[in-house]
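Only one structure is covered here, and it is reproduced in the block below.
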Amino acid sequence: MCFLFPFLSVSTFAQKKKQNAQIATEWAKLTLQILKTTPGGSPTFNSRFLGYCGLTMYESVVKGSSDFHSLVGKVNGLDALTIPNPDMKINWALSLNAGQAQIIKHIYGFTSKANLSKIDSLESYYLVKESKGLSSKEIMESITFGKKIANEIFEYSKTDGGHLGYKRNFDSTFVIKQGNGLWSPPLKGQSQVPLPLHPEWGKNRTFASENYTLPIPAMMDYDFKKGSTYYGYMKEVFDVRNSLTQEQKEIANWWGDDPSETFSPPGHSYYMALQAVEKSKVDIFKASQTFSAVGMAVADAFVNCWKTKYHYNAERPFSFIFYNVSTLWDLYWPEPPFPAFYSGHAGQASSAATVLTHLYGENFAFTDHAHVGRPMDMERLVEYKPRKYNSFFEAAEESALSRLYGGIHTRHDNEIGLIEGKKIGKNINDLFKNNNK
């Protein structure tokens, strides 16, 4: 790619512009668009992608502020990254710009030519915009530094167990256990392939080492007898499904986040990070911390959740209800291609809410426009209207509850997911402990 560098005198206005978070939010928006429009992604792979995008964004600017500190030596296995020489003058917006373009191409390079062109266009736009008043030396050093950080983080990513995970979404060699209360891939599910999604994902490296060692949460014991705790949770799914209100249908649809049609559940959390950044009008440094923390939180949440899912291989409500409650019952949503316990929606939403609440406070009201503009769901007669929340946890709890309304999780799955997500998010927050408040 060839660029023309304008040479203008540095002005106070130009210096202030360098601190603006707009470049970070525009890259976040393009990242979400790529997730939404690229076939082959999955919630698991997408969460990992967002973790590395966010980490790259943060490390490409962190040396520009004394209020923030690098995560080298704190993030699990990240032992070294390039440090700018004292005599280097780096424009942090240009560094972020180059780093984001590089890491997205590295990890999501299988996206369409149209999306690759959008990456180049956004990079070119901000290169010209942010280069005004800078010397050619500062421009080149800024670009070189951002790309070095991206390249080094990409090399680091290759060893986590999830590299090129989009090429092996479904595992035909995985031995599926048989027995009461155990899951088997649905014949008519969310995926066209009746095989388990990423059954080994729970073995991947987490960003926070403490998340890798979190104990697997206890699950209630299987019992088909009426009056048992297990039966009661399953029967609730049946009862709720048969009496869904319009509001409950709208909640189920809003948080459906089908990866074949949307930017998937982790993308929804990244979108809320975007809303927090834009509403709060923070600078480029806190914006980068926000995307980094949320990206790593949802990535770790999916690793921990998948570890639990394939530890228990717990059945979803449909099979239990069919054999023990009623054969005349159908799902609201097609069943996902992986075991039930615990809810990935709940876990990742709670981890993101924990991070965002730490950064922006408990009473952060916002309106979620994530799916505004989607065509009306004519089968279920549901429109995609904006939803308002008084806090990030209110949104996370609704996300969890949506899976009960959708008929694919019990309340127990959701409640444990929310609990585990908080633990995961707290461990991500701890990575930033030395940062000034």
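Lettering and numbering for the structure tokens are positional, with chains as A, B, ... in the shown order, residues counted from 1 in each chain, and ligands counted from 1 in the shown order.
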Might you pull out every residue within 9 Å of range 262-272 of chain A, with only C-alpha atoms counted and same-chain residues fewer than 4 positions away left off, and present them as a ChimeraX atom specification?
/A:28-29,31-37,41-44,46-47,50,255-258,276-277,291,294-295,298-299,302,344-345,348-349,352-353,356,366,368,370-371,392
What lies within 10 Å of Tyr312 in chain A using only C-alpha atoms, ignoring chain neighbours under 5 positions off, as a ChimeraX atom specification?
/A:177,181-183,216,218-219,307,339-342
How would the residues just picked look written out with C-alpha atoms as a short mmCIF file (atom, residue, chain, number, x, y, z; two decimals), in the first residue's frame?
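Result file is result_16.cif:
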```
data_model
loop_
_atom_site.label_atom_id
_atom_site.label_comp_id
_atom_site.auth_asym_id
_atom_site.auth_seq_id
_atom_site.Cartn_x
_atom_site.Cartn_y
_atom_site.Cartn_z
CA LYS A 177 -20.82 -40.08 25.69
CA GLY A 181 -28.91 -36.53 31.13
CA LEU A 182 -26.13 -36.41 28.54
CA TRP A 183 -26.11 -34.28 25.41
CA ILE A 216 -15.32 -26.15 37.38
CA ALA A 218 -20.91 -27.85 40.49
CA MET A 219 -23.96 -28.87 38.50
CA LYS A 307 -14.32 -26.42 29.69
CA PRO A 339 -23.83 -29.06 25.61
CA ALA A 340 -25.94 -26.97 27.95
CA PHE A 341 -24.32 -26.37 31.31
CA TYR A 342 -23.57 -23.60 31.86
#
```
For Ala98 in chain A: contacts at 6 Å, only C-alpha atoms, fewer than 3 positions along chain excluded, given as a list in words:
Ser95, Ala101, Ile143, Gly146 and Lys147 of chain A
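The neighbours of Ser351 in chain A here are the residues that come within 9 Å of it, using only C-alpha atoms and leaving out any residue fewer than 5 positions away in the same chain; they are Val294, Ala297, Val298, Asp300, Ala301, Ala346, Leu356, Ala396, Leu418, Glu420, Gly421, Lys422, Lys423, Ile424, Gly425, Lys426 and Ile428 of chain A.
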In range 197-393 of chain A, what's strand (DSSP E or B) per DSSP? Answer as a PyMOL selection string?
chain A and resi 197+283+314+335+366-368+377+382+387-389
Which residue gives the smallest distance to Val325 in chain A among A:Leu164, A:Thr357, A:Gly73, A:Lys225, with only C-alpha atoms counted?
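Of A:Leu164, A:Thr357, A:Gly73, A:Lys225, the one nearest Val325 in chain A is A:Lys225, counting only C-alpha atoms.
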Contacts of Phe154 in chain A at 9 Å (only C-alpha atoms; same-chain gap of 6+ positions) as a VMD selection string
chain A and resid 52 56 103 106 to 107
Determine, counting only C-alpha atoms, which protein, DNA and RNA residues have an atom within 12 Å of an atom of Met88 in chain A; residues of the same chain fewer than 5 positions away are not included. Present the result as a list in words.
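Close residues of Met88 in chain A: Lys63, Gly64, Ile83, Ser135, Lys137, Glu138, Ile139, Met140, Glu141, Ser142, Ile143, Thr144 and Phe145 of chain A.
For the atom pair formed by CA of His163 in chain A and CA of Thr290 in chain A, the distance is 23.9 Å, given to one decimal.
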Could you name the residues that touch Gly202 in chain A at 7 Å or less, counting only C-alpha atoms, but leaving out those on the same chain fewer than 5 positions away, as a list of chain:residue names?
A:Val303, A:Asn304, A:Trp306, A:Lys307
Write down as a PyMOL selection string the residues belonging to range 193-429 of chain A that are assigned alpha helix (DSSP H) by DSSP computed on the backbone.
chain A and resi 209-212+229-241+246-254+264-280+284-312+317-324+344-360+392-405+411-429
Kindly give the distance, in Å, that separates CA of Tyr384 in chain A and CA of Glu247 in chain A, rounded to a single decimal.
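Spanning CA of Tyr384 in chain A to CA of Glu247 in chain A is a straight-line distance of 11.4 Å.
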